[in-house]
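Trainee: This is start39.pdb (PDB, C-alpha atoms, pLDDT in the B column).
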```pdb
ATOM      1  CA  MET A   1      -8.905   1.093  15.478  1.00 96.00           C
ATOM      2  CA  ILE A   2      -7.929   4.545  14.305  1.00 97.00           C
ATOM      3  CA  LEU A   3      -7.984   4.947  10.519  1.00 98.00           C
ATOM      4  CA  LYS A   4      -7.179   8.196   8.733  1.00 97.00           C
ATOM      5  CA  GLU A   5      -6.941   8.598   4.961  1.00 96.00           C
ATOM      6  CA  PHE A   6      -4.962  11.223   3.042  1.00 96.00           C
ATOM      7  CA  THR A   7      -4.325  12.035  -0.612  1.00 94.00           C
ATOM      8  CA  VAL A   8      -0.725  13.167  -1.075  1.00 92.00           C
ATOM      9  CA  GLY A   9       2.064  13.692  -3.588  1.00 84.00           C
ATOM     10  CA  PRO A  10       2.282  14.626  -7.265  1.00 83.00           C
ATOM     11  CA  LEU A  11       0.406  11.484  -8.362  1.00 84.00           C
ATOM     12  CA  GLN A  12      -2.295  11.736  -5.696  1.00 91.00           C
ATOM     13  CA  VAL A  13      -1.429   8.617  -3.714  1.00 94.00           C
ATOM     14  CA  ARG A  14      -3.814   7.490  -0.998  1.00 97.00           C
ATOM     15  CA  SER A  15      -1.891   7.205   2.276  1.00 97.00           C
ATOM     16  CA  TYR A  16      -3.337   5.611   5.411  1.00 98.00           C
ATOM     17  CA  ILE A  17      -2.576   6.009   9.112  1.00 98.00           C
ATOM     18  CA  ILE A  18      -3.711   2.938  11.047  1.00 98.00           C
ATOM     19  CA  GLY A  19      -3.482   3.108  14.806  1.00 98.00           C
ATOM     20  CA  CYS A  20      -4.293   1.097  17.906  1.00 98.00           C
ATOM     21  CA  GLU A  21      -6.358   3.070  20.396  1.00 96.00           C
ATOM     22  CA  GLU A  22      -5.243   0.898  23.319  1.00 97.00           C
ATOM     23  CA  THR A  23      -1.469   1.211  22.813  1.00 98.00           C
ATOM     24  CA  SER A  24      -1.170   4.367  20.650  1.00 98.00           C
ATOM     25  CA  GLN A  25       1.045   2.435  18.221  1.00 98.00           C
ATOM     26  CA  ALA A  26       0.538   3.120  14.507  1.00 98.00           C
ATOM     27  CA  ILE A  27       1.752   2.437  10.999  1.00 98.00           C
ATOM     28  CA  ILE A  28       1.562   4.652   7.960  1.00 98.00           C
ATOM     29  CA  VAL A  29       1.015   3.105   4.546  1.00 98.00           C
ATOM     30  CA  ASP A  30       2.656   4.731   1.514  1.00 96.00           C
ATOM     31  CA  PRO A  31       3.653   8.192   2.808  1.00 93.00           C
ATOM     32  CA  ALA A  32       4.206   9.724  -0.615  1.00 88.00           C
ATOM     33  CA  GLY A  33       4.163  13.464  -0.057  1.00 83.00           C
ATOM     34  CA  SER A  34       3.338  16.054   2.640  1.00 87.00           C
ATOM     35  CA  GLU A  35       5.361  14.037   5.137  1.00 92.00           C
ATOM     36  CA  ASP A  36       5.544  16.884   7.673  1.00 95.00           C
ATOM     37  CA  TYR A  37       1.764  17.205   7.519  1.00 95.00           C
ATOM     38  CA  LEU A  38       1.324  13.454   7.925  1.00 96.00           C
ATOM     39  CA  ALA A  39       3.726  13.364  10.875  1.00 96.00           C
ATOM     40  CA  LYS A  40       1.848  16.254  12.476  1.00 95.00           C
ATOM     41  CA  ASN A  41      -1.392  14.305  12.121  1.00 95.00           C
ATOM     42  CA  ILE A  42       0.183  11.214  13.684  1.00 97.00           C
ATOM     43  CA  GLY A  43       1.271  13.298  16.667  1.00 95.00           C
ATOM     44  CA  GLY A  44      -2.067  15.086  16.829  1.00 95.00           C
ATOM     45  CA  LEU A  45      -3.805  11.743  17.164  1.00 96.00           C
ATOM     46  CA  GLY A  46      -1.546  10.875  20.082  1.00 96.00           C
ATOM     47  CA  LEU A  47       0.078   8.073  18.121  1.00 98.00           C
ATOM     48  CA  GLU A  48       3.656   6.820  17.888  1.00 97.00           C
ATOM     49  CA  LEU A  49       4.745   5.521  14.500  1.00 98.00           C
ATOM     50  CA  ALA A  50       6.047   1.964  14.668  1.00 97.00           C
ATOM     51  CA  ALA A  51       6.594   1.384  10.942  1.00 98.00           C
ATOM     52  CA  ILE A  52       6.370   2.856   7.450  1.00 97.00           C
ATOM     53  CA  VAL A  53       4.738   0.243   5.216  1.00 98.00           C
ATOM     54  CA  ASN A  54       4.908   0.273   1.419  1.00 96.00           C
ATOM     55  CA  THR A  55       2.304  -1.612  -0.585  1.00 97.00           C
ATOM     56  CA  HIS A  56       4.860  -1.744  -3.399  1.00 94.00           C
ATOM     57  CA  GLY A  57       8.078  -0.138  -4.564  1.00 90.00           C
ATOM     58  CA  HIS A  58       6.933   2.312  -7.238  1.00 89.00           C
ATOM     59  CA  PRO A  59       8.446   5.703  -6.442  1.00 87.00           C
ATOM     60  CA  ASP A  60       5.139   7.567  -6.295  1.00 88.00           C
ATOM     61  CA  HIS A  61       4.395   5.391  -3.239  1.00 91.00           C
ATOM     62  CA  THR A  62       7.874   5.398  -1.671  1.00 91.00           C
ATOM     63  CA  CYS A  63       9.064   8.962  -2.323  1.00 87.00           C
ATOM     64  CA  GLY A  64       8.210  10.026   1.223  1.00 92.00           C
ATOM     65  CA  ASN A  65      10.032   7.221   3.002  1.00 93.00           C
ATOM     66  CA  GLN A  66      13.248   9.103   3.687  1.00 90.00           C
ATOM     67  CA  ARG A  67      11.587  12.198   5.131  1.00 93.00           C
ATOM     68  CA  MET A  68       9.151  10.168   7.209  1.00 95.00           C
ATOM     69  CA  LYS A  69      12.074   8.187   8.640  1.00 94.00           C
ATOM     70  CA  GLU A  70      13.805  11.428   9.541  1.00 95.00           C
ATOM     71  CA  LEU A  71      10.693  12.737  11.276  1.00 96.00           C
ATOM     72  CA  THR A  72       9.714   9.594  13.180  1.00 96.00           C
ATOM     73  CA  SER A  73      12.694   7.176  13.215  1.00 96.00           C
ATOM     74  CA  ALA A  74      10.258   4.449  12.121  1.00 97.00           C
ATOM     75  CA  PRO A  75      11.630   1.630   9.938  1.00 97.00           C
ATOM     76  CA  VAL A  76      10.537   1.116   6.322  1.00 97.00           C
ATOM     77  CA  LEU A  77       8.952  -2.255   5.542  1.00 97.00           C
ATOM     78  CA  MET A  78       8.130  -3.697   2.118  1.00 96.00           C
ATOM     79  CA  HIS A  79       8.327  -6.953   0.187  1.00 97.00           C
ATOM     80  CA  LYS A  80      11.883  -7.988  -0.680  1.00 96.00           C
ATOM     81  CA  ALA A  81      11.096  -8.444  -4.400  1.00 94.00           C
ATOM     82  CA  ASP A  82      10.267  -4.768  -4.813  1.00 90.00           C
ATOM     83  CA  ASP A  83      13.077  -3.524  -2.607  1.00 90.00           C
ATOM     84  CA  GLU A  84      15.502  -5.327  -4.927  1.00 86.00           C
ATOM     85  CA  LEU A  85      13.833  -4.470  -8.255  1.00 76.00           C
ATOM     86  CA  PHE A  86      13.460  -0.766  -7.637  1.00 74.00           C
ATOM     87  CA  ARG A  87      17.103  -0.349  -6.678  1.00 76.00           C
ATOM     88  CA  GLU A  88      18.353  -1.812  -9.989  1.00 77.00           C
ATOM     89  CA  PRO A  89      20.255   0.891 -11.946  1.00 77.00           C
ATOM     90  CA  GLY A  90      18.099   0.697 -15.067  1.00 71.00           C
ATOM     91  CA  VAL A  91      14.871   0.978 -13.109  1.00 69.00           C
ATOM     92  CA  VAL A  92      16.249   3.831 -11.001  1.00 71.00           C
ATOM     93  CA  ALA A  93      17.269   5.682 -14.180  1.00 77.00           C
ATOM     94  CA  MET A  94      13.793   5.279 -15.640  1.00 70.00           C
ATOM     95  CA  PHE A  95      12.084   6.783 -12.619  1.00 72.00           C
ATOM     96  CA  ASN A  96      14.753   9.465 -12.259  1.00 75.00           C
ATOM     97  CA  ALA A  97      13.666  10.615 -15.710  1.00 76.00           C
ATOM     98  CA  TRP A  98      10.153  10.966 -14.274  1.00 71.00           C
ATOM     99  CA  GLY A  99      11.513  13.201 -11.524  1.00 71.00           C
ATOM    100  CA  PHE A 100      11.656  10.649  -8.679  1.00 74.00           C
ATOM    101  CA  GLU A 101      14.731  10.104  -6.532  1.00 72.00           C
ATOM    102  CA  PRO A 102      15.347   6.508  -5.386  1.00 72.00           C
ATOM    103  CA  ALA A 103      14.004   5.649  -1.954  1.00 78.00           C
ATOM    104  CA  PRO A 104      16.368   4.318   0.719  1.00 83.00           C
ATOM    105  CA  PRO A 105      16.585   0.536   1.073  1.00 90.00           C
ATOM    106  CA  ALA A 106      13.955  -1.072   3.235  1.00 94.00           C
ATOM    107  CA  ASP A 107      14.833  -1.709   6.863  1.00 96.00           C
ATOM    108  CA  GLY A 108      12.855  -4.941   6.931  1.00 97.00           C
ATOM    109  CA  PHE A 109      10.818  -7.194   4.680  1.00 97.00           C
ATOM    110  CA  LEU A 110       7.185  -8.276   4.702  1.00 98.00           C
ATOM    111  CA  GLU A 111       6.317 -11.796   3.561  1.00 97.00           C
ATOM    112  CA  ASP A 112       3.106 -13.468   2.471  1.00 98.00           C
ATOM    113  CA  GLY A 113       1.115 -14.674   5.440  1.00 97.00           C
ATOM    114  CA  GLN A 114       3.076 -12.599   7.924  1.00 98.00           C
ATOM    115  CA  VAL A 115       1.109 -11.040  10.767  1.00 98.00           C
ATOM    116  CA  LEU A 116       1.754  -7.308  10.961  1.00 98.00           C
ATOM    117  CA  LYS A 117       1.184  -6.159  14.529  1.00 97.00           C
ATOM    118  CA  VAL A 118       0.024  -2.599  15.201  1.00 98.00           C
ATOM    119  CA  GLY A 119      -0.197  -2.449  18.966  1.00 97.00           C
ATOM    120  CA  ASN A 120      -2.966  -4.910  19.804  1.00 98.00           C
ATOM    121  CA  LEU A 121      -4.216  -5.008  16.218  1.00 98.00           C
ATOM    122  CA  SER A 122      -3.195  -7.730  13.769  1.00 98.00           C
ATOM    123  CA  PHE A 123      -3.159  -7.552   9.977  1.00 98.00           C
ATOM    124  CA  GLU A 124      -2.289 -10.226   7.444  1.00 98.00           C
ATOM    125  CA  VAL A 125       0.251  -9.471   4.729  1.00 98.00           C
ATOM    126  CA  ILE A 126      -1.054 -10.816   1.402  1.00 98.00           C
ATOM    127  CA  HIS A 127       1.478 -11.026  -1.425  1.00 98.00           C
ATOM    128  CA  THR A 128      -0.306  -9.997  -4.650  1.00 98.00           C
ATOM    129  CA  PRO A 129       2.292  -9.816  -7.451  1.00 98.00           C
ATOM    130  CA  GLY A 130       1.296  -8.473 -10.841  1.00 98.00           C
ATOM    131  CA  HIS A 131       1.334  -4.702 -10.636  1.00 97.00           C
ATOM    132  CA  SER A 132       4.863  -5.243  -9.382  1.00 95.00           C
ATOM    133  CA  PRO A 133       6.675  -8.374  -8.170  1.00 96.00           C
ATOM    134  CA  GLY A 134       6.484  -7.354  -4.531  1.00 96.00           C
ATOM    135  CA  SER A 135       3.018  -5.830  -4.331  1.00 97.00           C
ATOM    136  CA  ILE A 136       1.238  -6.598  -1.079  1.00 98.00           C
ATOM    137  CA  CYS A 137      -2.172  -5.993   0.443  1.00 98.00           C
ATOM    138  CA  ILE A 138      -2.827  -5.558   4.162  1.00 98.00           C
ATOM    139  CA  PHE A 139      -5.935  -7.278   5.488  1.00 98.00           C
ATOM    140  CA  GLY A 140      -7.629  -7.168   8.878  1.00 98.00           C
ATOM    141  CA  LYS A 141     -10.211  -5.432  11.058  1.00 97.00           C
ATOM    142  CA  GLY A 142     -12.663  -5.305   8.160  1.00 98.00           C
ATOM    143  CA  ILE A 143     -10.354  -3.515   5.706  1.00 98.00           C
ATOM    144  CA  VAL A 144      -7.936  -4.433   2.942  1.00 98.00           C
ATOM    145  CA  VAL A 145      -5.370  -1.841   1.860  1.00 98.00           C
ATOM    146  CA  THR A 146      -4.723  -2.792  -1.752  1.00 98.00           C
ATOM    147  CA  GLY A 147      -2.147  -0.273  -3.004  1.00 98.00           C
ATOM    148  CA  ASP A 148      -2.188  -0.452  -6.808  1.00 97.00           C
ATOM    149  CA  THR A 149      -3.281  -4.084  -6.956  1.00 98.00           C
ATOM    150  CA  LEU A 150      -6.975  -3.161  -6.914  1.00 98.00           C
ATOM    151  CA  PHE A 151      -8.692   0.157  -7.499  1.00 98.00           C
ATOM    152  CA  ILE A 152     -12.370   0.940  -7.246  1.00 98.00           C
ATOM    153  CA  ASP A 153     -13.801  -0.399 -10.515  1.00 97.00           C
ATOM    154  CA  SER A 154     -10.320  -0.972 -11.951  1.00 97.00           C
ATOM    155  CA  ILE A 155      -6.907  -2.570 -11.311  1.00 98.00           C
ATOM    156  CA  GLY A 156      -3.293  -1.456 -11.388  1.00 96.00           C
ATOM    157  CA  ARG A 157      -1.326  -1.074 -14.601  1.00 95.00           C
ATOM    158  CA  THR A 158       1.109  -3.800 -15.639  1.00 96.00           C
ATOM    159  CA  ASP A 159       3.260  -2.024 -18.238  1.00 93.00           C
ATOM    160  CA  LEU A 160       5.952  -0.816 -15.804  1.00 86.00           C
ATOM    161  CA  PRO A 161       9.076  -2.813 -14.789  1.00 83.00           C
ATOM    162  CA  GLY A 162       8.074  -6.091 -13.184  1.00 87.00           C
ATOM    163  CA  GLY A 163       4.424  -5.842 -14.204  1.00 94.00           C
ATOM    164  CA  ASP A 164       2.549  -8.946 -15.354  1.00 97.00           C
ATOM    165  CA  TYR A 165      -1.162  -8.831 -16.230  1.00 97.00           C
ATOM    166  CA  ASP A 166      -1.772 -12.582 -15.994  1.00 97.00           C
ATOM    167  CA  LEU A 167      -0.039 -12.717 -12.620  1.00 98.00           C
ATOM    168  CA  LEU A 168      -2.098  -9.780 -11.374  1.00 98.00           C
ATOM    169  CA  MET A 169      -5.325 -11.484 -12.403  1.00 98.00           C
ATOM    170  CA  HIS A 170      -4.149 -14.656 -10.656  1.00 98.00           C
ATOM    171  CA  SER A 171      -3.460 -12.664  -7.494  1.00 98.00           C
ATOM    172  CA  LEU A 172      -6.906 -11.095  -7.611  1.00 98.00           C
ATOM    173  CA  ARG A 173      -8.616 -14.434  -8.206  1.00 98.00           C
ATOM    174  CA  THR A 174      -6.773 -16.410  -5.549  1.00 98.00           C
ATOM    175  CA  ARG A 175      -5.907 -13.837  -2.873  1.00 98.00           C
ATOM    176  CA  ILE A 176      -8.447 -11.001  -3.006  1.00 98.00           C
ATOM    177  CA  ILE A 177     -11.749 -12.438  -4.209  1.00 97.00           C
ATOM    178  CA  PRO A 178     -11.846 -15.026  -1.373  1.00 97.00           C
ATOM    179  CA  LEU A 179     -11.856 -12.242   1.255  1.00 98.00           C
ATOM    180  CA  PRO A 180     -15.224 -11.468   2.915  1.00 98.00           C
ATOM    181  CA  ASP A 181     -17.668  -9.392   0.859  1.00 98.00           C
ATOM    182  CA  GLU A 182     -18.084  -6.874   3.687  1.00 98.00           C
ATOM    183  CA  THR A 183     -14.369  -5.994   3.602  1.00 98.00           C
ATOM    184  CA  THR A 184     -13.751  -2.323   2.807  1.00 98.00           C
ATOM    185  CA  VAL A 185     -11.286  -1.817  -0.058  1.00 98.00           C
ATOM    186  CA  LEU A 186      -8.794   1.017   0.546  1.00 98.00           C
ATOM    187  CA  PRO A 187      -6.935   1.554  -2.752  1.00 98.00           C
ATOM    188  CA  GLY A 188      -3.676   3.326  -3.528  1.00 97.00           C
ATOM    189  CA  HIS A 189      -5.327   5.979  -5.715  1.00 96.00           C
ATOM    190  CA  ASP A 190      -8.810   7.442  -5.950  1.00 93.00           C
ATOM    191  CA  TYR A 191      -9.383   6.501  -9.583  1.00 92.00           C
ATOM    192  CA  GLY A 192     -12.967   5.301  -9.289  1.00 88.00           C
ATOM    193  CA  PRO A 193     -16.443   6.712  -8.747  1.00 92.00           C
ATOM    194  CA  ARG A 194     -15.838   6.726  -4.970  1.00 93.00           C
ATOM    195  CA  PRO A 195     -12.702   6.634  -2.782  1.00 95.00           C
ATOM    196  CA  THR A 196     -13.539   3.274  -1.161  1.00 97.00           C
ATOM    197  CA  ASP A 197     -16.036   0.450  -1.582  1.00 97.00           C
ATOM    198  CA  THR A 198     -16.933  -2.951  -0.204  1.00 98.00           C
ATOM    199  CA  LEU A 199     -15.278  -5.912  -1.834  1.00 98.00           C
ATOM    200  CA  GLY A 200     -18.698  -7.467  -2.369  1.00 97.00           C
ATOM    201  CA  ARG A 201     -19.843  -4.577  -4.507  1.00 97.00           C
ATOM    202  CA  GLN A 202     -16.544  -4.570  -6.370  1.00 97.00           C
ATOM    203  CA  LYS A 203     -17.109  -8.212  -7.291  1.00 96.00           C
ATOM    204  CA  ARG A 204     -20.276  -7.031  -9.027  1.00 95.00           C
ATOM    205  CA  THR A 205     -19.201  -3.676 -10.511  1.00 96.00           C
ATOM    206  CA  ASN A 206     -15.464  -3.985 -11.185  1.00 97.00           C
ATOM    207  CA  PRO A 207     -15.136  -5.409 -14.728  1.00 96.00           C
ATOM    208  CA  TYR A 208     -11.841  -7.116 -13.874  1.00 96.00           C
ATOM    209  CA  LEU A 209     -13.219  -8.889 -10.819  1.00 95.00           C
ATOM    210  CA  ASN A 210     -16.469  -9.587 -12.604  1.00 90.00           C
ATOM    211  CA  GLN A 211     -14.802 -11.944 -15.040  1.00 86.00           C
ATOM    212  CA  LEU A 212     -13.177 -13.859 -12.208  1.00 87.00           C
ATOM    213  CA  THR A 213     -16.280 -14.530 -10.104  1.00 76.00           C
TER     214      THR A 213
END
```
Could you write out this structure as structure tokens?
Mentor:
Amino acid sequence: MILKEFTVGPLQVRSYIIGCEETSQAIIVDPAGSEDYLAKNIGGLGLELAAIVNTHGHPDHTCGNQRMKELTSAPVLMHKADDELFREPGVVAMFNAWGFEPAPPADGFLEDGQVLKVGNLSFEVIHTPGHSPGSICIFGKGIVVTGDTLFIDSIGRTDLPGGDYDLLMHSLRTRIIPLPDETTVLPGHDYGPRPTDTLGRQKRTNPYLNQLT
């Protein structure tokens, strides 16, 4: 597996290129700035982009979708709940006031339990609502890409449209904590003492997970 991590965009989103060495197929998760640079890196790795995957619909994570589509012709995939919510006029107006243009509609939807194929690699789509209704995590090959569901030593905020703290805690308890301790957590922002961590250590040091274990 090829895994490359980047920090991009005005809100310092963590974007991930995940590629299959055998087939040269790849996905990019949350291309949220520096799209030309990201596309250049994809090409430099000898990879062909099969899909643009959004962990959720917040515009700091989706603001690069349009440009990345133009550069690669790859389809945008996200959970249907967020694709619908973040195209509602009131929500669009709110984020327009923050300086974000609405992202184009998704080209396809990811569902809980779906297997996301990246060449010969397989990843499970885990629906983790709470930060937003359509938040997802991507699990497989010893990693879990958590978007804004789980940060290192923290969790995502729940005071934006569609956020629900109790639902987020339920998602963490039932969908994330059961994953293997050796799983590497790849969050949507570098808000903690280190960019990544094992889930096992997060169960001990993250105060939100601590109360659930």
Trainee: Calculate how many Å separate atom CA of His170 of chain A from atom CA of Thr128 of chain A, rounding to one decimal.
Mentor: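 Those two atoms sit 8.5 Å apart.
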Trainee: Write out, as JSON lines, each residue of segment 71-134 of chain A that has an atom at most 10 Å from segment 22-34 of chain A, together with the closest pair of atoms and their distance in Å to one decimal, counting only C-alpha atoms, rows going by chain and rising number.
Mentor:
```
{"residue": "A:Ala74", "atom": "CA", "partner": "A:Ile27", "partner_atom": "CA", "distance": 8.8}
{"residue": "A:Pro75", "atom": "CA", "partner": "A:Ile27", "partner_atom": "CA", "distance": 10.0}
{"residue": "A:Val76", "atom": "CA", "partner": "A:Ile28", "partner_atom": "CA", "distance": 9.8}
{"residue": "A:Leu77", "atom": "CA", "partner": "A:Val29", "partner_atom": "CA", "distance": 9.6}
{"residue": "A:Leu116", "atom": "CA", "partner": "A:Ile27", "partner_atom": "CA", "distance": 9.7}
{"residue": "A:Lys117", "atom": "CA", "partner": "A:Ala26", "partner_atom": "CA", "distance": 9.3}
{"residue": "A:Val118", "atom": "CA", "partner": "A:Ala26", "partner_atom": "CA", "distance": 5.8}
{"residue": "A:Gly119", "atom": "CA", "partner": "A:Gln25", "partner_atom": "CA", "distance": 5.1}
{"residue": "A:Asn120", "atom": "CA", "partner": "A:Thr23", "partner_atom": "CA", "distance": 7.0}
{"residue": "A:Leu121", "atom": "CA", "partner": "A:Glu22", "partner_atom": "CA", "distance": 9.3}
```
Trainee: Please return, as a ChimeraX atom specification, all polymer residues that have at least one atom within 12 Å of the point (-13.1, -10.4, 0.5); use only C-alpha atoms and the file's own coordinate frame.
Mentor: /A:137-140,142-146,172-185,197-203,209,213
Trainee: So that I can see what lies close to Trp98 of chain A, please list as a list in words the residues with an atom at most 12 Å from it, counting all atoms listed in the file and leaving out residues fewer than 5 positions away in the same chain.
Mentor: Pro10, Leu11, His58, Pro59, Asp60, Val91, Val92 and Ala93 of chain A
Trainee: Just C-alpha atoms for this one: save the residues we selected as a JSON list (two decimals), in the frame of the given file.
Mentor:
```json
[["chain", "number", "residue", "atom", "x", "y", "z"],
["A", 10, "PRO", "CA", 2.28, 14.63, -7.26],
["A", 11, "LEU", "CA", 0.41, 11.48, -8.36],
["A", 58, "HIS", "CA", 6.93, 2.31, -7.24],
["A", 59, "PRO", "CA", 8.45, 5.70, -6.44],
["A", 60, "ASP", "CA", 5.14, 7.57, -6.30],
["A", 91, "VAL", "CA", 14.87, 0.98, -13.11],
["A", 92, "VAL", "CA", 16.25, 3.83, -11.00],
["A", 93, "ALA", "CA", 17.27, 5.68, -14.18]]
```
Trainee: Run the PyMOL selection byres ((chain A and resi 190) around 12) on the file and write out the hits as a PyMOL selection string.
Mentor: chain A and resi 5-8+11-15+146-148+150-156+185-189+191-197
Trainee: Could you tell me which residues the PyMOL selection byres ((chain A and resi 87) around 12) grabs in this file, written as a list in words?
Mentor: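 Applying the expression gives Gly57, His58, Pro59, Thr62, Lys80, Ala81, Asp82, Asp83, Glu84, Leu85, Phe86, Glu88, Pro89, Gly90, Val91, Val92, Ala93, Met94, Phe95, Asn96, Glu101, Pro102, Ala103, Pro104, Pro105, Ala106 and Pro161 of chain A.
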Trainee: Hey, which of A:Ser135, A:Ser171, A:Asn210, A:Gln66 ends up closest to Glu35 of chain A? Count only C-alpha atoms.
Mentor: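 Closest candidate: A:Gln66.
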Trainee: Distance atom CA of Cys63 of chain A-atom CA of Asn206 of chain A, one decimal place?
Mentor: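 For atom CA of Cys63 of chain A relative to atom CA of Asn206 of chain A, the distance reads 29.1 Å.
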Trainee: Output as an mmCIF file, in the coordinates of the input: segment 46-69 of chain A, completed with N, CA and C atoms.
Mentor:
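What landed in out.cif:
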```
data_model
loop_
_atom_site.group_PDB
_atom_site.id
_atom_site.type_symbol
_atom_site.label_atom_id
_atom_site.label_comp_id
_atom_site.auth_asym_id
_atom_site.auth_seq_id
_atom_site.Cartn_x
_atom_site.Cartn_y
_atom_site.Cartn_z
ATOM 1 N N GLY A 46 -2.146 11.500 18.909
ATOM 2 C CA GLY A 46 -1.546 10.875 20.082
ATOM 3 C C GLY A 46 -0.912 9.539 19.791
ATOM 4 N N LEU A 47 -0.469 9.350 18.539
ATOM 5 C CA LEU A 47 0.078 8.073 18.121
ATOM 6 C C LEU A 47 1.591 8.127 17.975
ATOM 7 N N GLU A 48 2.223 6.979 18.125
ATOM 8 C CA GLU A 48 3.656 6.820 17.888
ATOM 9 C C GLU A 48 3.832 5.881 16.712
ATOM 10 N N LEU A 49 4.607 6.313 15.706
ATOM 11 C CA LEU A 49 4.745 5.521 14.500
ATOM 12 C C LEU A 49 5.724 4.373 14.711
ATOM 13 N N ALA A 50 5.217 3.155 14.505
ATOM 14 C CA ALA A 50 6.047 1.964 14.668
ATOM 15 C C ALA A 50 6.679 1.521 13.365
ATOM 16 N N ALA A 51 6.046 1.841 12.220
ATOM 17 C CA ALA A 51 6.594 1.384 10.942
ATOM 18 C C ALA A 51 5.998 2.185 9.796
ATOM 19 N N ILE A 52 6.792 2.310 8.737
ATOM 20 C CA ILE A 52 6.370 2.856 7.450
ATOM 21 C C ILE A 52 6.225 1.657 6.527
ATOM 22 N N VAL A 53 5.025 1.427 6.016
ATOM 23 C CA VAL A 53 4.738 0.243 5.216
ATOM 24 C C VAL A 53 4.461 0.657 3.780
ATOM 25 N N ASN A 54 5.147 0.022 2.842
ATOM 26 C CA ASN A 54 4.908 0.273 1.419
ATOM 27 C C ASN A 54 4.148 -0.885 0.810
ATOM 28 N N THR A 55 3.051 -0.570 0.118
ATOM 29 C CA THR A 55 2.304 -1.612 -0.585
ATOM 30 C C THR A 55 3.069 -2.134 -1.779
ATOM 31 N N HIS A 56 3.970 -1.316 -2.324
ATOM 32 C CA HIS A 56 4.860 -1.744 -3.399
ATOM 33 C C HIS A 56 5.946 -0.703 -3.560
ATOM 34 N N GLY A 57 6.880 -0.961 -4.491
ATOM 35 C CA GLY A 57 8.078 -0.138 -4.564
ATOM 36 C C GLY A 57 8.059 0.996 -5.566
ATOM 37 N N HIS A 58 6.960 1.214 -6.281
ATOM 38 C CA HIS A 58 6.933 2.312 -7.238
ATOM 39 C C HIS A 58 7.196 3.640 -6.528
ATOM 40 N N PRO A 59 7.977 4.518 -7.153
ATOM 41 C CA PRO A 59 8.446 5.703 -6.442
ATOM 42 C C PRO A 59 7.353 6.685 -6.046
ATOM 43 N N ASP A 60 6.214 6.672 -6.741
ATOM 44 C CA ASP A 60 5.139 7.567 -6.295
ATOM 45 C C ASP A 60 4.592 7.135 -4.942
ATOM 46 N N HIS A 61 4.843 5.885 -4.538
ATOM 47 C CA HIS A 61 4.395 5.391 -3.239
ATOM 48 C C HIS A 61 5.504 5.375 -2.193
ATOM 49 N N THR A 62 6.752 5.482 -2.612
ATOM 50 C CA THR A 62 7.874 5.398 -1.671
ATOM 51 C C THR A 62 8.645 6.704 -1.527
ATOM 52 N N CYS A 63 8.258 7.733 -2.283
ATOM 53 C CA CYS A 63 9.064 8.962 -2.323
ATOM 54 C C CYS A 63 9.090 9.702 -0.988
ATOM 55 N N GLY A 64 8.198 9.374 -0.083
ATOM 56 C CA GLY A 64 8.210 10.026 1.223
ATOM 57 C C GLY A 64 8.900 9.232 2.311
ATOM 58 N N ASN A 65 9.437 8.075 1.975
ATOM 59 C CA ASN A 65 10.032 7.221 3.002
ATOM 60 C C ASN A 65 11.156 7.906 3.764
ATOM 61 N N GLN A 66 12.079 8.522 3.042
ATOM 62 C CA GLN A 66 13.248 9.103 3.687
ATOM 63 C C GLN A 66 12.855 10.191 4.679
ATOM 64 N N ARG A 67 11.994 11.104 4.249
ATOM 65 C CA ARG A 67 11.587 12.198 5.131
ATOM 66 C C ARG A 67 10.794 11.677 6.321
ATOM 67 N N MET A 68 9.929 10.712 6.096
ATOM 68 C CA MET A 68 9.151 10.168 7.209
ATOM 69 C C MET A 68 10.048 9.474 8.214
ATOM 70 N N LYS A 69 11.100 8.793 7.731
ATOM 71 C CA LYS A 69 12.074 8.187 8.640
ATOM 72 C C LYS A 69 12.773 9.257 9.480
#
```
